[in-house]
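Q: Below is the file target.pdb, which contains PDB, C-alpha atoms and all ligand atoms.
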ATOM      1  CA  MET B   1      21.821 -13.402  25.877
ATOM      2  CA  THR B   2      18.914 -14.858  27.804
ATOM      3  CA  LYS B   3      15.461 -14.735  26.353
ATOM      4  CA  ALA B   4      12.394 -14.249  28.499
ATOM      5  CA  ALA B   5      10.498 -17.493  28.933
ATOM      6  CA  LEU B   6       7.394 -17.866  26.827
ATOM      7  CA  ASP B   7       4.107 -17.027  28.448
ATOM      8  CA  PRO B   8       1.773 -19.996  27.954
ATOM      9  CA  ALA B   9      -1.181 -17.616  28.208
ATOM     10  CA  ALA B  10      -0.006 -15.393  25.331
ATOM     11  CA  PRO B  11      -2.483 -15.514  22.436
ATOM     12  CA  LEU B  12       0.024 -16.895  19.920
ATOM     13  CA  VAL B  13       1.836 -19.335  22.208
ATOM     14  CA  PHE B  14       0.657 -22.922  21.802
ATOM     15  CA  ASP B  15       1.272 -26.024  23.845
ATOM     16  CA  THR B  16       2.303 -28.919  21.620
ATOM     17  CA  ALA B  17       2.346 -31.526  24.414
ATOM     18  CA  GLU B  18      -0.511 -33.443  22.794
ATOM     19  CA  LEU B  19       1.722 -34.186  19.788
ATOM     20  CA  GLY B  20       3.885 -36.257  22.135
ATOM     21  CA  ARG B  21       6.923 -35.688  19.876
ATOM     22  CA  SER B  22       5.606 -38.536  17.817
ATOM     23  CA  SER B  23       6.456 -37.931  14.150
ATOM     24  CA  GLY B  24       3.438 -37.526  11.920
ATOM     25  CA  THR B  25       1.045 -36.550  14.685
ATOM     26  CA  THR B  26      -0.836 -33.382  13.892
ATOM     27  CA  MET B  27      -2.994 -30.849  15.622
ATOM     28  CA  HIS B  28      -5.139 -28.235  13.975
ATOM     29  CA  ILE B  29      -5.537 -24.723  15.263
ATOM     30  CA  GLU B  30      -8.495 -22.919  13.789
ATOM     31  CA  ARG B  31      -9.470 -19.897  15.793
ATOM     32  CA  GLY B  32      -9.269 -16.151  16.093
ATOM     33  CA  VAL B  33      -6.862 -14.685  18.625
ATOM     34  CA  PRO B  34      -6.196 -11.063  19.583
ATOM     35  CA  ALA B  35      -2.979  -9.607  18.134
ATOM     36  CA  PRO B  36      -0.622  -9.354  21.138
ATOM     37  CA  GLU B  37       0.868  -6.194  19.640
ATOM     38  CA  ALA B  38       0.524  -4.138  16.482
ATOM     39  CA  PHE B  39       2.048  -5.849  13.449
ATOM     40  CA  GLY B  40       3.415  -3.271  11.015
ATOM     41  CA  LEU B  41       3.850   0.455  11.405
ATOM     42  CA  GLU B  42       1.259   1.691  13.860
ATOM     43  CA  GLY B  43      -0.635   4.723  12.579
ATOM     44  CA  VAL B  44       0.718   4.204   9.057
ATOM     45  CA  TYR B  45      -0.312   0.685   8.177
ATOM     46  CA  ALA B  46      -0.644  -2.122  10.675
ATOM     47  CA  VAL B  47      -2.736  -4.918  12.059
ATOM     48  CA  PRO B  48      -3.779  -3.114  15.258
ATOM     49  CA  LYS B  49      -3.022  -4.524  18.677
ATOM     50  CA  SER B  50      -5.916  -6.653  20.003
ATOM     51  CA  SER B  51      -7.570  -6.952  16.587
ATOM     52  CA  THR B  52      -8.456 -10.481  15.552
ATOM     53  CA  VAL B  53      -5.895 -12.671  13.841
ATOM     54  CA  ASP B  54      -7.583 -15.714  12.317
ATOM     55  CA  LEU B  55      -5.442 -18.820  12.369
ATOM     56  CA  ASP B  56      -5.985 -21.910  10.279
ATOM     57  CA  VAL B  57      -2.757 -23.809  10.812
ATOM     58  CA  ARG B  58      -1.633 -27.372  11.201
ATOM     59  CA  LEU B  59       1.100 -28.371  13.616
ATOM     60  CA  THR B  60       2.870 -31.563  12.633
ATOM     61  CA  ALA B  61       5.467 -33.353  14.732
ATOM     62  CA  VAL B  62       8.513 -34.222  12.627
ATOM     63  CA  SER B  63      11.755 -35.851  13.717
ATOM     64  CA  GLU B  64      13.516 -32.587  14.593
ATOM     65  CA  GLY B  65      10.652 -30.520  15.839
ATOM     66  CA  VAL B  66       7.215 -29.230  14.945
ATOM     67  CA  LEU B  67       6.342 -28.010  11.489
ATOM     68  CA  VAL B  68       3.753 -25.251  11.350
ATOM     69  CA  ASP B  69       1.930 -24.561   8.164
ATOM     70  CA  GLY B  70      -1.287 -22.938   7.207
ATOM     71  CA  GLU B  71      -3.021 -19.667   6.651
ATOM     72  CA  VAL B  72      -3.355 -16.513   8.704
ATOM     73  CA  GLU B  73      -5.854 -13.746   8.081
ATOM     74  CA  ALA B  74      -5.967 -10.311   9.660
ATOM     75  CA  VAL B  75      -7.230  -6.834   8.854
ATOM     76  CA  ALA B  76      -4.651  -4.100   8.413
ATOM     77  CA  GLU B  77      -5.569  -0.460   8.892
ATOM     78  CA  GLY B  78      -3.706   2.609   7.845
ATOM     79  CA  GLU B  79      -3.925   5.618   5.630
ATOM     80  CA  CYS B  80      -3.484   6.136   1.921
ATOM     81  CA  ALA B  81       0.011   7.447   1.204
ATOM     82  CA  ARG B  82      -1.384   9.815  -1.443
ATOM     83  CA  CYS B  83      -4.683  11.174  -0.092
ATOM     84  CA  LEU B  84      -4.525  10.162   3.619
ATOM     85  CA  ALA B  85      -7.944   8.486   3.414
ATOM     86  CA  PRO B  86      -8.356   5.523   5.783
ATOM     87  CA  VAL B  87      -7.326   2.205   4.255
ATOM     88  CA  ARG B  88      -8.511  -1.212   5.436
ATOM     89  CA  ASP B  89      -7.268  -4.400   3.825
ATOM     90  CA  THR B  90      -7.767  -8.034   4.680
ATOM     91  CA  LEU B  91      -4.393  -9.728   4.535
ATOM     92  CA  ARG B  92      -4.360 -13.477   3.947
ATOM     93  CA  VAL B  93      -0.902 -15.011   4.220
ATOM     94  CA  GLN B  94       0.718 -18.423   4.312
ATOM     95  CA  VAL B  95       2.959 -19.401   7.191
ATOM     96  CA  GLN B  96       5.373 -22.262   7.137
ATOM     97  CA  GLU B  97       7.960 -22.617   9.823
ATOM     98  CA  LEU B  98       9.900 -25.386  11.507
ATOM     99  CA  TYR B  99      10.292 -25.135  15.259
ATOM    100  CA  ALA B 100      13.198 -27.272  16.456
ATOM    101  CA  TYR B 101      12.979 -29.335  19.632
ATOM    102  CA  GLU B 102      15.297 -28.322  22.417
ATOM    103  CA  GLY B 103      18.264 -30.648  22.256
ATOM    104  CA  SER B 104      17.586 -31.763  18.676
ATOM    105  CA  VAL B 105      20.393 -32.051  16.116
ATOM    106  CA  THR B 106      18.795 -29.187  14.206
ATOM    107  CA  GLU B 107      18.905 -26.997  17.282
ATOM    108  CA  ALA B 108      22.528 -27.945  17.952
ATOM    109  CA  THR B 109      23.690 -27.295  14.388
ATOM    110  CA  THR B 110      21.931 -24.037  13.554
ATOM    111  CA  ASP B 111      22.324 -20.511  14.841
ATOM    112  CA  ALA B 112      19.703 -19.197  17.211
ATOM    113  CA  ASP B 113      18.370 -16.693  14.693
ATOM    114  CA  GLU B 114      18.320 -19.176  11.815
ATOM    115  CA  ILE B 115      15.507 -21.330  13.031
ATOM    116  CA  MET B 116      12.668 -21.093  15.503
ATOM    117  CA  ARG B 117      12.798 -23.237  18.624
ATOM    118  CA  LEU B 118      10.301 -24.796  20.935
ATOM    119  CA  GLU B 119      10.586 -23.977  24.596
ATOM    120  CA  GLY B 120       9.724 -27.260  26.232
ATOM    121  CA  ASP B 121       6.410 -28.007  24.563
ATOM    122  CA  LEU B 122       5.624 -24.356  23.949
ATOM    123  CA  LEU B 123       5.732 -22.874  20.505
ATOM    124  CA  ASP B 124       5.554 -19.140  19.851
ATOM    125  CA  LEU B 125       3.763 -18.433  16.604
ATOM    126  CA  GLU B 126       4.034 -14.676  16.987
ATOM    127  CA  PRO B 127       7.301 -14.090  15.084
ATOM    128  CA  ALA B 128       6.169 -16.269  12.161
ATOM    129  CA  VAL B 129       2.755 -14.611  12.028
ATOM    130  CA  ARG B 130       4.241 -11.126  12.298
ATOM    131  CA  ASP B 131       6.841 -11.768   9.588
ATOM    132  CA  ALA B 132       4.288 -13.228   7.190
ATOM    133  CA  LEU B 133       1.850 -10.340   7.707
ATOM    134  CA  VAL B 134       4.462  -7.597   7.516
ATOM    135  CA  LEU B 135       5.907  -9.138   4.353
ATOM    136  CA  ALA B 136       2.464  -8.976   2.740
ATOM    137  CA  MET B 137       2.038  -5.290   3.533
ATOM    138  CA  PRO B 138       2.355  -2.795   0.699
ATOM    139  CA  VAL B 139       5.378  -0.487   0.758
ATOM    140  CA  THR B 140       2.994   2.318  -0.195
ATOM    141  CA  PRO B 141      -0.529   1.767   1.118
ATOM    142  CA  LEU B 142      -3.138   3.200  -1.229
ATOM    143  CA  CYS B 143      -6.913   3.570  -0.944
ATOM    144  CA  ARG B 144      -7.024   2.353  -4.549
ATOM    145  CA  PRO B 145      -4.267   1.741  -7.118
ATOM    146  CA  ASP B 146      -5.074   4.858  -9.167
ATOM    147  CA  CYS B 147      -5.651   7.232  -6.244
ATOM    148  CA  PRO B 148      -4.918  10.704  -7.665
ATOM    149  CA  GLY B 149      -3.858  12.077  -4.274
ATOM    150  CA  LEU B 150      -4.254  15.658  -3.116
ATOM    151  CA  CYS B 151      -4.059  18.970  -4.950
ATOM    152  CA  ALA B 152      -0.610  20.276  -4.067
ATOM    153  CA  GLU B 153      -1.960  23.838  -3.788
ATOM    154  CA  CYS B 154      -4.962  23.431  -1.500
ATOM    155  CA  GLY B 155      -4.537  19.909  -0.101
ATOM    156  CA  VAL B 156      -8.043  18.813  -1.094
ATOM    157  CA  PRO B 157      -8.330  15.262  -2.491
ATOM    158  CA  TRP B 158      -8.601  15.375  -6.285
ATOM    159  CA  ASP B 159     -11.544  12.987  -5.974
ATOM    160  CA  GLU B 160     -13.548  15.789  -4.332
ATOM    161  CA  LEU B 161     -12.539  18.489  -6.814
ATOM    162  CA  PRO B 162     -14.065  19.286 -10.201
ATOM    163  CA  ASP B 163     -12.089  18.272 -13.282
ATOM    164  CA  ASP B 164     -11.239  21.882 -14.106
ATOM    165  CA  HIS B 165      -9.939  22.634 -10.598
ATOM    166  CA  GLY B 166      -6.860  24.811 -10.656
ATOM    167  CA  HIS B 167      -5.156  27.723  -8.950
ATOM    168  CA  GLU B 168      -4.817  30.339 -11.663
ATOM    169  CA  ALA B 169      -5.769  33.107  -9.260
ATOM    170  CA  VAL B 170      -2.756  35.125  -8.215
ATOM    171  CA  ASP B 171      -2.362  36.843  -4.861
ATOM    172  CA  PRO B 172      -3.622  40.417  -5.457
ATOM    173  CA  ARG B 173      -0.390  41.853  -4.040
ATOM    174  CA  TRP B 174       1.453  40.220  -6.917
ATOM    175  CA  ALA B 175      -1.175  40.793  -9.586
ATOM    176  CA  GLY B 176       0.493  43.987 -10.770
ATOM    177  CA  LEU B 177       3.880  42.328 -11.115
ATOM    178  CA  GLU B 178       2.281  39.399 -12.891
ATOM    179  CA  LYS B 179       0.767  41.822 -15.437
ATOM    180  CA  LEU B 180       4.201  43.322 -16.036
ATOM    181  CA  ARG B 181       5.764  39.896 -16.407
ATOM    182  CA  LEU B 182       3.098  38.856 -18.918
ATOM    183  CA  ALA B 183       3.540  42.099 -20.841
ATOM    184  CA  ASP B 184       7.266  41.522 -20.884
ATOM    185  CA  THR B 185       6.899  37.974 -22.157
ATOM    186  CA  ASP B 186       4.514  39.239 -24.823
ATOM    187  CA  GLY B 187       7.045  41.803 -25.913
ATOM    188  CA  GLU B 188       9.809  39.225 -26.236
ATOM    189  CA  SER B 189       7.745  36.801 -28.195
ATOM    190  CA  LYS B 190       6.912  39.402 -30.840
TER     191      LYS B 190
HETATM  192 ZN    ZN B 201      -5.942   7.681  -1.706
HETATM  193 ZN    ZN B 202      -6.370  22.935  -5.266
END
Before anything else, please render the file you have as structure tokens.
Ligand SMILES: [Zn+2]
Ligand SMILES: [Zn+2]

A:
Amino acid sequence: MTKAALDPAAPLVFDTAELGRSSGTTMHIERGVPAPEAFGLEGVYAVPKSSTVDLDVRLTAVSEGVLVDGEVEAVAEGECARCLAPVRDTLRVQVQELYAYEGSVTEATTDADEIMRLEGDLLDLEPAVRDALVLAMPVTPLCRPDCPGLCAECGVPWDELPDDHGHEAVDPRWAGLEKLRLADTDGESK
């Protein structure tokens, strides 16, 4: 399986040439970049494509590759699973990932999907950033933890309804039957 070569112009691809593969050398990336694609479930809960992903990460050359660690911040948007109101959360996550040098012992002794790799001097932060953000996303996004959701009868959010809201009213076509049923129940209970 051949993988498409990394695009050096992609927002989350970084050139580590300045580290010179010299162990202990570090570079700091502190900037906002546009999300190259939506992270998460678009329309449900996701960091939208092109929205800003703030990076505050350190790249450190180690003997087998480049260690990335730091913090990533992005805003996720979606809708509340109970009341469908828009939800906006700032996600702040830690990333820590080792990118192996091509030709390193680590690269030779691990499976391709076990560890990230550098492509020449290029390092693709996107998978690490996506994984960290998606992992921090709630399984059930809510506008607030105690969101009461919608009235099952009329679909109006409970937050907008009076406390005594209810649907006692019976369709007039059934009102007669309902009277009979009530009378019947009364009879049985006596
Ligand atoms: Zn809600
Ligand atoms: Zn209702």

Q: Any chance you could work out the residue set of the PyMOL selection byres (((chain B and resi 81) around 6) and not hetatm) here, as a ChimeraX atom specification?

A: /B:80,82,84,141-142

Q: Take the residues that were just selected and, keeping C-alpha atoms, output them as an mmCIF file, in the coordinates of the input.

A:
data_model
loop_
_atom_site.group_PDB
_atom_site.id
_atom_site.type_symbol
_atom_site.label_atom_id
_atom_site.label_comp_id
_atom_site.auth_asym_id
_atom_site.auth_seq_id
_atom_site.Cartn_x
_atom_site.Cartn_y
_atom_site.Cartn_z
ATOM 1 C CA CYS B 80 -3.484 6.136 1.921
ATOM 2 C CA ARG B 82 -1.384 9.815 -1.443
ATOM 3 C CA LEU B 84 -4.525 10.162 3.619
ATOM 4 C CA PRO B 141 -0.529 1.767 1.118
ATOM 5 C CA LEU B 142 -3.138 3.200 -1.229
#

Q: Applying the PyMOL selection byres (((chain B and resi 159) around 12) and not hetatm) to the file I just gave you, which residues come out? Please list them as a list in words.

A: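 Selected by the PyMOL selection byres (((chain B and resi 159) around 12) and not hetatm) in this file: Arg82, Cys83, Ala85, Cys143, Arg144, Asp146, Cys147, Pro148, Gly149, Leu150, Cys151, Gly155, Val156, Pro157, Trp158, Glu160, Leu161, Pro162, Asp163 and His165 of chain B.
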
Q: How would the residues just picked look written out with C-alpha atoms as an mmCIF file, in the coordinates of the input?

A:
data_model
loop_
_atom_site.group_PDB
_atom_site.id
_atom_site.type_symbol
_atom_site.label_atom_id
_atom_site.label_comp_id
_atom_site.auth_asym_id
_atom_site.auth_seq_id
_atom_site.Cartn_x
_atom_site.Cartn_y
_atom_site.Cartn_z
ATOM 1 C CA ARG B 82 -1.384 9.815 -1.443
ATOM 2 C CA CYS B 83 -4.683 11.174 -0.092
ATOM 3 C CA ALA B 85 -7.944 8.486 3.414
ATOM 4 C CA CYS B 143 -6.913 3.570 -0.944
ATOM 5 C CA ARG B 144 -7.024 2.353 -4.549
ATOM 6 C CA ASP B 146 -5.074 4.858 -9.167
ATOM 7 C CA CYS B 147 -5.651 7.232 -6.244
ATOM 8 C CA PRO B 148 -4.918 10.704 -7.665
ATOM 9 C CA GLY B 149 -3.858 12.077 -4.274
ATOM 10 C CA LEU B 150 -4.254 15.658 -3.116
ATOM 11 C CA CYS B 151 -4.059 18.970 -4.950
ATOM 12 C CA GLY B 155 -4.537 19.909 -0.101
ATOM 13 C CA VAL B 156 -8.043 18.813 -1.094
ATOM 14 C CA PRO B 157 -8.330 15.262 -2.491
ATOM 15 C CA TRP B 158 -8.601 15.375 -6.285
ATOM 16 C CA GLU B 160 -13.548 15.789 -4.332
ATOM 17 C CA LEU B 161 -12.539 18.489 -6.814
ATOM 18 C CA PRO B 162 -14.065 19.286 -10.201
ATOM 19 C CA ASP B 163 -12.089 18.272 -13.282
ATOM 20 C CA HIS B 165 -9.939 22.634 -10.598
#

Q: Translate the PyMOL selection byres (((chain B and resi 128-138) around 9) and not hetatm), as applied to the file shown, into an explicit residue set as a list in words.

A: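 Expected selection for the PyMOL selection byres (((chain B and resi 128-138) around 9) and not hetatm) here is Leu12, Ala38, Phe39, Gly40, Leu41, Tyr45, Ala46, Val47, Val72, Glu73, Ala74, Ala76, Leu91, Arg92, Val93, Gln94, Val95, Gln96, Glu97, Met116, Asp124, Leu125, Glu126, Pro127, Val139, Thr140, Pro141 and Leu142 of chain B.
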
Q: Between B:Asp7, B:Asp15, B:Asp111, B:Glu79, which is the closest to ligand ZN 201 (chain B) once you count all atoms listed in the file?

A: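 The answer is B:Glu79, which sits nearest to ligand ZN 201 (chain B).
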
Q: Could you report the residues within 6 Å of ligand ZN 202 (chain B), using all atoms listed in the file, as a VMD selection string?

A: chain B and resid 151 153 to 154 166

Q: Would you compute the distance between CA of Lys49 in chain B and CA of Pro11 in chain B? Give it in Å to one decimal.

A: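 Answer for the CA of Lys49 in chain B to CA of Pro11 in chain B separation: 11.6 Å.
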
Q: Grab all the atoms of range 88-100 of chain B that the file lists, wrap them in a box along x, y and z, add 3 Å per side, and give me centre plus edge lengths in Å (one decimal) as lines of an AutoDock Vina configuration file.

A:
center_x = 2.3
center_y = -14.2
center_z = 10.1
size_x = 27.7
size_y = 32.1
size_z = 18.6

Q: Give me, please, the distance in Å between CA of Pro86 in chain B and CA of Asp164 in chain B, quoted to one decimal.

A: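 Distance reported for this atom pair: 25.9 Å.
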
Q: Leaving out Gly20 in chain B and any residue of its chain fewer than 6 positions from it, which residues lie within 10 Å of it when counting only C-alpha atoms, given as number ranges by chain?

A: B: 26, 61, 121

Q: Please produce an output containing C-alpha atoms for each residue in the selection, written as a tab-separated table (two decimals), keeping the file's coordinate frame.

A:
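So out.tsv came out as:
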chain	number	residue	atom	x	y	z
B	26	THR	CA	-0.84	-33.38	13.89
B	61	ALA	CA	5.47	-33.35	14.73
B	121	ASP	CA	6.41	-28.01	24.56

Q: With all atoms listed in the file as the basis for distance, which of B:Ala9, B:Val57, B:Val87, B:Ala108 is at the shortest distance from Glu30 in chain B?

A: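 Using all atoms listed in the file, the shortest distance to Glu30 in chain B belongs to B:Val57.
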
Q: Distance CA of Leu59 in chain B-CA of Thr16 in chain B, one decimal place?

A: 8.1 Å

Q: Compute the distance from (9.9, -33.5, 14.0) to each atom, counting all atoms listed in the file, keep the residues with any atom at most 8 Å away, and return them as a list in words; use the coordinates of the file.

A: Arg21, Ser22, Ser23, Gly24, Thr60, Ala61, Val62, Ser63, Glu64, Gly65, Val66, Leu67, Ala100 and Tyr101 of chain B

Q: Neighbours of Val75 in chain B within 8 Å (all atoms listed in the file; same-chain residues fewer than 5 positions away dropped), as a PyMOL selection string?

A: chain B and resi 47+51-53+88-91

Q: Please complete range 140-151 of chain B so it has all heavy atoms, and hand it over as a compact mmCIF listing (two decimals), in the coordinates of the input.

A:
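Below is the file result-v7.txt, written as the result:
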# COMPACT_ATOMS: atom_id res chain seq x y z
N THR B 140 3.76 1.08 -0.14
CA THR B 140 2.99 2.32 -0.20
C THR B 140 1.51 1.97 -0.13
O THR B 140 0.93 1.59 -1.12
CB THR B 140 3.28 3.06 -1.52
OG1 THR B 140 4.70 3.19 -1.66
CG2 THR B 140 2.65 4.43 -1.55
N PRO B 141 0.90 2.08 1.05
CA PRO B 141 -0.53 1.77 1.12
C PRO B 141 -1.35 2.79 0.34
O PRO B 141 -1.09 3.99 0.45
CB PRO B 141 -0.85 1.84 2.62
CG PRO B 141 0.40 2.23 3.32
CD PRO B 141 1.45 2.52 2.32
N LEU B 142 -2.29 2.31 -0.44
CA LEU B 142 -3.14 3.20 -1.23
C LEU B 142 -4.60 2.83 -1.04
O LEU B 142 -4.93 1.66 -0.85
CB LEU B 142 -2.79 3.09 -2.72
CG LEU B 142 -1.39 3.53 -3.14
CD1 LEU B 142 -1.15 3.22 -4.60
CD2 LEU B 142 -1.19 5.01 -2.87
N CYS B 143 -5.48 3.85 -1.08
CA CYS B 143 -6.91 3.57 -0.94
C CYS B 143 -7.40 2.84 -2.19
O CYS B 143 -8.32 2.05 -2.13
CB CYS B 143 -7.69 4.86 -0.71
SG CYS B 143 -7.54 6.07 -2.02
N ARG B 144 -6.79 3.12 -3.33
CA ARG B 144 -7.02 2.35 -4.55
C ARG B 144 -5.82 2.58 -5.46
O ARG B 144 -5.13 3.61 -5.32
CB ARG B 144 -8.34 2.75 -5.21
CG ARG B 144 -8.47 4.21 -5.60
CD ARG B 144 -9.73 4.41 -6.44
NE ARG B 144 -9.54 5.46 -7.41
CZ ARG B 144 -9.91 6.73 -7.20
NH1 ARG B 144 -10.47 7.06 -6.07
NH2 ARG B 144 -9.72 7.64 -8.13
N PRO B 145 -5.53 1.65 -6.36
CA PRO B 145 -4.27 1.74 -7.12
C PRO B 145 -4.10 3.05 -7.87
O PRO B 145 -2.98 3.54 -8.02
CB PRO B 145 -4.36 0.56 -8.10
CG PRO B 145 -5.36 -0.37 -7.51
CD PRO B 145 -6.32 0.45 -6.69
N ASP B 146 -5.21 3.64 -8.37
CA ASP B 146 -5.07 4.86 -9.17
C ASP B 146 -5.47 6.11 -8.38
O ASP B 146 -5.91 7.09 -8.95
CB ASP B 146 -5.90 4.74 -10.45
CG ASP B 146 -7.38 4.52 -10.16
OD1 ASP B 146 -7.70 4.21 -8.98
OD2 ASP B 146 -8.20 4.66 -11.07
N CYS B 147 -5.31 6.06 -7.06
CA CYS B 147 -5.65 7.23 -6.24
C CYS B 147 -4.88 8.45 -6.76
O CYS B 147 -3.66 8.42 -6.86
CB CYS B 147 -5.30 6.99 -4.77
SG CYS B 147 -5.40 8.49 -3.78
N PRO B 148 -5.61 9.53 -7.11
CA PRO B 148 -4.92 10.70 -7.66
C PRO B 148 -4.29 11.60 -6.60
O PRO B 148 -3.61 12.56 -6.94
CB PRO B 148 -6.04 11.43 -8.41
CG PRO B 148 -7.29 11.05 -7.68
CD PRO B 148 -7.07 9.69 -7.08
N GLY B 149 -4.52 11.30 -5.33
CA GLY B 149 -3.86 12.08 -4.27
C GLY B 149 -4.52 13.42 -4.02
O GLY B 149 -5.71 13.60 -4.26
N LEU B 150 -3.73 14.35 -3.52
CA LEU B 150 -4.25 15.66 -3.12
C LEU B 150 -3.74 16.73 -4.07
O LEU B 150 -2.63 16.63 -4.60
CB LEU B 150 -3.76 16.01 -1.71
CG LEU B 150 -4.00 14.99 -0.60
CD1 LEU B 150 -3.28 15.46 0.67
CD2 LEU B 150 -5.48 14.83 -0.33
N CYS B 151 -4.54 17.80 -4.22
CA CYS B 151 -4.06 18.97 -4.95
C CYS B 151 -2.91 19.58 -4.14
O CYS B 151 -3.06 19.84 -2.94
CB CYS B 151 -5.19 19.99 -5.12
SG CYS B 151 -4.60 21.59 -5.70
